[in-house]
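**Student:** Attaching a single structure in structure tokens format; questions to follow.
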Amino acid sequence: MNANIASLYKIAQKSSRIIVGLMSGTSMDGLDVALCKISDSGENTKVELLQFDTLVFSNEVKTEIQKVFAKPNIDFQTLVLLNEWIGNLHADMVLECLKKWNISTDQVDLVASHGQTVFHAPKISHQLEKYPNGTLQIGDGDHIAVKTGIITLSDFRQKHLAAGGEGAPLAVYGDYLIFGKKGENRIMLNIGGISNFTYLPENGNPEEVFVTDTGAGNTLIDAFIRLHFPYKSYDKDAEIAKQGTVNQSLLKALKTNKFFKDPYPKTTGPELFNIEYVRKAQKESDTETISVPDLLATLTRFSAETIADAILYTINTTQYDRNTFTVYLSGGGTHNPLLISWLKELLACNFLTTDAIGISGDAKEAVLFAVLANETVAGGKTNFGSHQGIPSVSLGKISFPS
């Protein structure tokens with residue numbers, strides 16, 4: 001037997017595995033690195049978050065990624081080279097964290113790397129009849145495996161596409177395995193650059209689980225912060241948006257896009273929700289001269305209302321009263337007090353962060369990819385039935401160190 005396969009077989013047989021989960025989202029702030037101890041698999045999965053850190057990307061890294069990020073026309077050589085460069089960069093960041101935590105690479109069983117999304121193209125977006133859903137994450141897994149010496153799982157979204165999904169949101173698999181609870185209807189809301197949520201029914205039936213993107217989370221707010229305040233990357237504590245007033249004409253124009261009329265479940269990305277999207281809405285609503293605080297207040301309200309609309313759609317399609325739902329928050333948007341206050345106003349639900357159920361809201365996405373890797377190596381596939389958007393598959397490609 002190949003020594004790498006023998007090693008993987010041995011890892012799969014262990015009662016628990018030490019897995020490093022990596023996540024870099026559409027906000028491109030940095031790399032989330034979560035050191036997890038994961039026991040068992042499937043619905044018996046148990047996760048202990050041992051360490052967590054976010055390594056902030058330098059301006060150089062952000063500039064390099066932005067050369068190809070969410071752009072339909074790019075320099076192809078740049079994309080090819082970045083695939084390898086980001087793989088090496090992520091490997092260096094893993095090694096940096098392990099050194100800081102005094103953990104040797106021999107103590108780690110697997111690395112689970114999401115990679116860096118550079119383009120998301122579901123069919124509802126590209127509308128090209130002969131082409132399927134598509135998405136692309138770069139940061140080659142072989143480079144991570146070779147440089148760290150740790151078996152690496154990566155490129156998780158392609159199996160989802162191959163099985164008929166849109167490649168997102170993938171959080172549903174980990175959400176169901178580690179956050180489902182009998183007797184409580186849970187909405188696992190992650191507000192990153194793009195917002196998505198998983199509905200976990202109180203009866204625990206995987207066939208009733210529902211997941212969708214809702215639209216913009218932080219991406220539009222962050223884009224205009226960077227545009228007007230180059231020394232800032234986000235509106236800390238909504239300090240600027242709080243100074244503004246929501247412009248109802250612009251808000252209405254922002255919500256007219258076809259995406260919001262398309263049936264659920266659906267996915268999207270910064271390919272749609274970008275500066276040009278807002279400029280077009282401003283032109284249509286004759287709001288091109290509104291103040292920056294008013295613009296940011298309106299964009300924050302836009303995120304809040306479109307998130308709430310999607311959650312209310314889900315709640316209203318169940319037999320449960322709204323008061324029986326608890327929304328568990330994660331992602332960068334959790335730290336935006338104006339956004340969260342408006343969500344609480346729009347949704348008469350209980351609100352908590354995922355910290356209340358054992359996983360830091362900032363670490364959650366990285367942890368979920370560690371769970372996906374654990375399931376691929378040591379578990380099986382959970383049967384989510386035949387409903388749209390959640391193919392019953394295991395995910396991730398395996399890269400050996402040698």
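Ordered as shown in the structure tokens, chains take letters A, B, and onward, while each chain numbers its residues from 1 and ligands are numbered from 1 in the order shown.
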Dump as JSON lines the rows for residues of segment 5-45 of chain A within 12 Å of segment 234-256 of chain A: closest atom pair and distance in Å with one decimal, only C-alpha atoms counted, ordered by chain and rising residue number.

**Tutor:**
{"residue": "A:Ser27", "atom": "CA", "partner": "A:Tyr234", "partner_atom": "CA", "distance": 9.6}
{"residue": "A:Met28", "atom": "CA", "partner": "A:Tyr234", "partner_atom": "CA", "distance": 11.5}
{"residue": "A:Asp29", "atom": "CA", "partner": "A:Tyr234", "partner_atom": "CA", "distance": 9.6}

**Student:** Write the residues of the selection above to a file with N, CA, C and O atoms, as a PDB file, in the first residue's frame.

**Tutor:**
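Contents of again-v4.pdb, freshly written:
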ATOM      1  N   SER A  27     -14.549  38.893   1.935  1.00  0.00           N
ATOM      2  CA  SER A  27     -14.098  40.165   2.499  1.00  0.00           C
ATOM      3  C   SER A  27     -12.587  40.333   2.354  1.00  0.00           C
ATOM      4  O   SER A  27     -12.078  41.453   2.415  1.00  0.00           O
ATOM      5  N   MET A  28     -11.872  39.227   2.192  1.00  0.00           N
ATOM      6  CA  MET A  28     -10.422  39.231   1.981  1.00  0.00           C
ATOM      7  C   MET A  28      -9.652  39.948   3.087  1.00  0.00           C
ATOM      8  O   MET A  28      -8.614  40.557   2.847  1.00  0.00           O
ATOM      9  N   ASP A  29     -10.157  39.877   4.315  1.00  0.00           N
ATOM     10  CA  ASP A  29      -9.480  40.535   5.432  1.00  0.00           C
ATOM     11  C   ASP A  29      -8.228  39.780   5.858  1.00  0.00           C
ATOM     12  O   ASP A  29      -7.246  40.376   6.281  1.00  0.00           O
TER      13      ASP A  29
END

**Student:** Please return as a compact mmCIF listing (two decimals) with N, CA and C atoms, in the first residue's frame: the residues of segment 81-286 of chain A that backbone DSSP assigns to strand (DSSP E or B).

**Tutor:**
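result23.txt, written as the output of this step:
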# COMPACT_ATOMS: atom_id res chain seq x y z
N LEU A 110 -4.66 16.63 9.72
CA LEU A 110 -5.14 17.13 8.43
C LEU A 110 -5.19 18.65 8.43
N VAL A 111 -5.04 19.21 7.25
CA VAL A 111 -5.37 20.61 7.00
C VAL A 111 -6.59 20.64 6.09
N ALA A 112 -7.57 21.47 6.41
CA ALA A 112 -8.76 21.63 5.58
C ALA A 112 -8.77 23.07 5.06
N SER A 113 -8.49 23.23 3.78
CA SER A 113 -8.33 24.58 3.22
C SER A 113 -9.45 24.93 2.26
N HIS A 114 -10.18 25.99 2.58
CA HIS A 114 -11.21 26.47 1.68
C HIS A 114 -10.62 27.13 0.45
N GLY A 115 -9.46 27.77 0.59
CA GLY A 115 -8.89 28.54 -0.50
C GLY A 115 -9.50 29.93 -0.58
N GLN A 116 -9.12 30.66 -1.60
CA GLN A 116 -9.62 32.03 -1.80
C GLN A 116 -10.56 32.05 -3.00
N THR A 117 -11.83 32.33 -2.76
CA THR A 117 -12.76 32.46 -3.87
C THR A 117 -12.37 33.66 -4.72
N VAL A 118 -12.28 33.43 -6.04
CA VAL A 118 -11.99 34.55 -6.95
C VAL A 118 -13.13 34.80 -7.93
N PHE A 119 -13.97 33.79 -8.14
CA PHE A 119 -15.14 34.02 -9.01
C PHE A 119 -16.21 32.98 -8.71
N HIS A 120 -17.44 33.47 -8.54
CA HIS A 120 -18.58 32.58 -8.30
C HIS A 120 -19.59 32.82 -9.41
N ALA A 121 -19.94 31.75 -10.14
CA ALA A 121 -20.78 31.91 -11.32
C ALA A 121 -21.89 30.86 -11.38
N GLY A 134 -20.81 27.28 -11.77
CA GLY A 134 -19.37 27.29 -11.62
C GLY A 134 -18.91 28.15 -10.46
N THR A 135 -17.74 27.80 -9.94
CA THR A 135 -17.09 28.63 -8.93
C THR A 135 -15.62 28.28 -8.94
N LEU A 136 -14.76 29.21 -8.50
CA LEU A 136 -13.32 28.94 -8.50
C LEU A 136 -12.68 29.48 -7.23
N GLN A 137 -12.00 28.57 -6.52
CA GLN A 137 -11.20 28.94 -5.35
C GLN A 137 -9.74 28.61 -5.66
N ILE A 138 -8.84 29.54 -5.39
CA ILE A 138 -7.43 29.30 -5.65
C ILE A 138 -6.66 29.20 -4.34
N THR A 152 -3.62 17.35 3.17
CA THR A 152 -4.49 18.52 3.03
C THR A 152 -5.72 18.19 2.18
N LEU A 153 -6.88 18.62 2.65
CA LEU A 153 -8.10 18.56 1.85
C LEU A 153 -8.45 19.97 1.42
N SER A 154 -8.82 20.12 0.14
CA SER A 154 -9.10 21.44 -0.40
C SER A 154 -10.13 21.33 -1.51
N ASN A 185 -35.76 25.32 16.89
CA ASN A 185 -35.58 25.74 15.51
C ASN A 185 -34.44 26.76 15.46
N ARG A 186 -33.40 26.41 14.71
CA ARG A 186 -32.22 27.26 14.68
C ARG A 186 -31.98 27.83 13.28
N ILE A 187 -31.66 29.10 13.24
CA ILE A 187 -31.19 29.76 12.02
C ILE A 187 -29.73 30.11 12.26
N MET A 188 -28.82 29.44 11.53
CA MET A 188 -27.39 29.70 11.66
C MET A 188 -27.03 30.74 10.61
N LEU A 189 -26.99 32.01 11.03
CA LEU A 189 -26.79 33.13 10.11
C LEU A 189 -25.33 33.57 10.13
N ASN A 190 -24.67 33.44 8.99
CA ASN A 190 -23.30 33.91 8.85
C ASN A 190 -23.28 35.16 7.98
N ILE A 191 -22.81 36.27 8.54
CA ILE A 191 -22.74 37.53 7.81
C ILE A 191 -21.29 37.82 7.48
N ILE A 194 -20.75 38.13 1.78
CA ILE A 194 -22.10 37.71 1.40
C ILE A 194 -22.72 37.01 2.60
N SER A 195 -24.02 37.18 2.78
CA SER A 195 -24.70 36.55 3.92
C SER A 195 -25.39 35.25 3.49
N ASN A 196 -25.36 34.28 4.38
CA ASN A 196 -26.08 33.03 4.14
C ASN A 196 -26.56 32.49 5.47
N PHE A 197 -27.53 31.60 5.41
CA PHE A 197 -27.99 30.96 6.64
C PHE A 197 -28.43 29.53 6.37
N THR A 198 -28.37 28.74 7.43
CA THR A 198 -28.89 27.37 7.43
C THR A 198 -30.04 27.31 8.41
N TYR A 199 -31.16 26.74 7.98
CA TYR A 199 -32.28 26.49 8.89
C TYR A 199 -32.19 25.05 9.36
N LEU A 200 -32.14 24.86 10.67
CA LEU A 200 -32.09 23.54 11.29
C LEU A 200 -33.39 23.33 12.06
N PHE A 210 -32.68 23.69 5.33
CA PHE A 210 -32.74 24.64 4.22
C PHE A 210 -31.54 25.57 4.32
N VAL A 211 -30.94 25.90 3.17
CA VAL A 211 -29.78 26.80 3.17
C VAL A 211 -29.83 27.68 1.94
N THR A 212 -29.43 28.94 2.09
CA THR A 212 -29.40 29.85 0.95
C THR A 212 -28.51 31.04 1.26
N ASP A 213 -27.97 31.65 0.21
CA ASP A 213 -27.42 33.00 0.33
C ASP A 213 -28.58 33.97 0.36
N THR A 214 -28.37 35.11 0.98
CA THR A 214 -29.44 36.12 1.04
C THR A 214 -29.10 37.36 0.20
N GLY A 215 -27.82 37.54 -0.11
CA GLY A 215 -27.37 38.73 -0.83
C GLY A 215 -26.19 39.34 -0.11
N ALA A 216 -26.07 40.65 -0.20
CA ALA A 216 -24.92 41.33 0.40
C ALA A 216 -24.95 41.24 1.91

**Student:** Between A:Leu299, A:Ile390, A:Leu339, A:Ile5, which residue has the minimum interatomic distance to Leu161 of chain A, considering only C-alpha atoms?

**Tutor:** A:Ile390

**Student:** Identify which of the residues A:Gly165, A:Gly389, A:Gly193, A:Gly21 lies closest to Gln51 of chain A, counting only C-alpha atoms when measuring atom-to-atom distances.

**Tutor:**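 Result for the nearest residue to Gln51 of chain A: A:Gly21.
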
**Student:** Can you pull out every residue from segment 224-298 of chain A that DSSP, working from the backbone, puts in helix (DSSP H, G or I), and format the result as a ChimeraX atom specification?

**Tutor:** /A:224-228,236-238,241-243,248-254,258-260,275-285,292-298

**Student:** Name the closest residue to Val367 of chain A among the candidates A:Glu345, A:Asp222, A:Asp40, A:Glu48; distances are taken between atoms, counting only C-alpha atoms.

**Tutor:** A:Glu48

**Student:** Between A:Leu272, A:Leu95, A:Met1, A:Ile74, which is the closest to Pro122 of chain A once you count only C-alpha atoms?

**Tutor:**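 Under the stated criterion, the closest residue is A:Leu272.
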
**Student:** Skip segment 182-184 of chain A itself and residues of its chain fewer than 3 positions away, then list as a PDB file with C-alpha atoms, in the first residue's frame all residues within 6 Å of it, counting only C-alpha atoms.

**Tutor:**
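Below is the file around_19.pdb, written as the result:
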ATOM      1  CA  GLU A 202     -36.379  21.293  15.766  1.00  0.00           C
ATOM      2  CA  ASN A 203     -37.302  17.767  14.665  1.00  0.00           C
ATOM      3  CA  GLY A 204     -33.755  17.153  13.354  1.00  0.00           C
TER       4      GLY A 204
END

**Student:** If I take atom CA of Gly385 of chain A and atom CA of Glu208 of chain A, how far is one from the other in Å, to one decimal?

**Tutor:**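 Going from atom CA of Gly385 of chain A over to atom CA of Glu208 of chain A, I get 8.7 Å.
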
**Student:** Which residue, A:Thr26, A:Ser330, A:Phe325, A:Gln319, has the smallest gap to Ala70 of chain A when you use only C-alpha atoms?

**Tutor:** A:Thr26

**Student:** From the list A:Thr54, A:Gln13, A:Thr45, A:Ser394, which residue is nearest Glu365 of chain A when using only C-alpha atoms?

**Tutor:** A:Thr54

**Student:** I want to know what sits within 6 Å of segment 172-179 of chain A, based on only C-alpha atoms, with residues of the same chain fewer than 5 positions away left out; could you give that as a ChimeraX atom specification?

**Tutor:** /A:43,198,368,371

**Student:** In Å to one decimal, how far is atom CA of Gly333 of chain A from atom CA of Leu347 of chain A?

**Tutor:**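 Atom-to-atom, atom CA of Leu347 of chain A to atom CA of Gly333 of chain A, that is 16.2 Å.
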
**Student:** Excluding His160 of chain A and residues on its chain fewer than 5 positions from it, collect all residues at most 8 Å away from it, counting only C-alpha atoms, and give them as a PyMOL selection string.

**Tutor:** chain A and resi 165-168+390-391+393+395

**Student:** Please dump the current selection as a PDB file, in the first residue's frame; keep C-alpha atoms.

**Tutor:**
ATOM      1  CA  GLY A 165     -25.506  22.256  -6.445  1.00  0.00           C
ATOM      2  CA  GLU A 166     -24.240  25.805  -6.901  1.00  0.00           C
ATOM      3  CA  GLY A 167     -21.054  25.235  -4.910  1.00  0.00           C
ATOM      4  CA  ALA A 168     -22.447  27.162  -1.935  1.00  0.00           C
ATOM      5  CA  ILE A 390     -27.951  20.247  -0.608  1.00  0.00           C
ATOM      6  CA  PRO A 391     -26.616  17.230  -2.514  1.00  0.00           C
ATOM      7  CA  VAL A 393     -22.092  14.102  -0.910  1.00  0.00           C
ATOM      8  CA  LEU A 395     -16.512  17.051  -0.187  1.00  0.00           C
TER       9      LEU A 395
END

**Student:** Would you work out the distance separating atom CA of Lys364 of chain A from atom CA of Gly331 of chain A, expressed in Å to one decimal?

**Tutor:** 7.6 Å
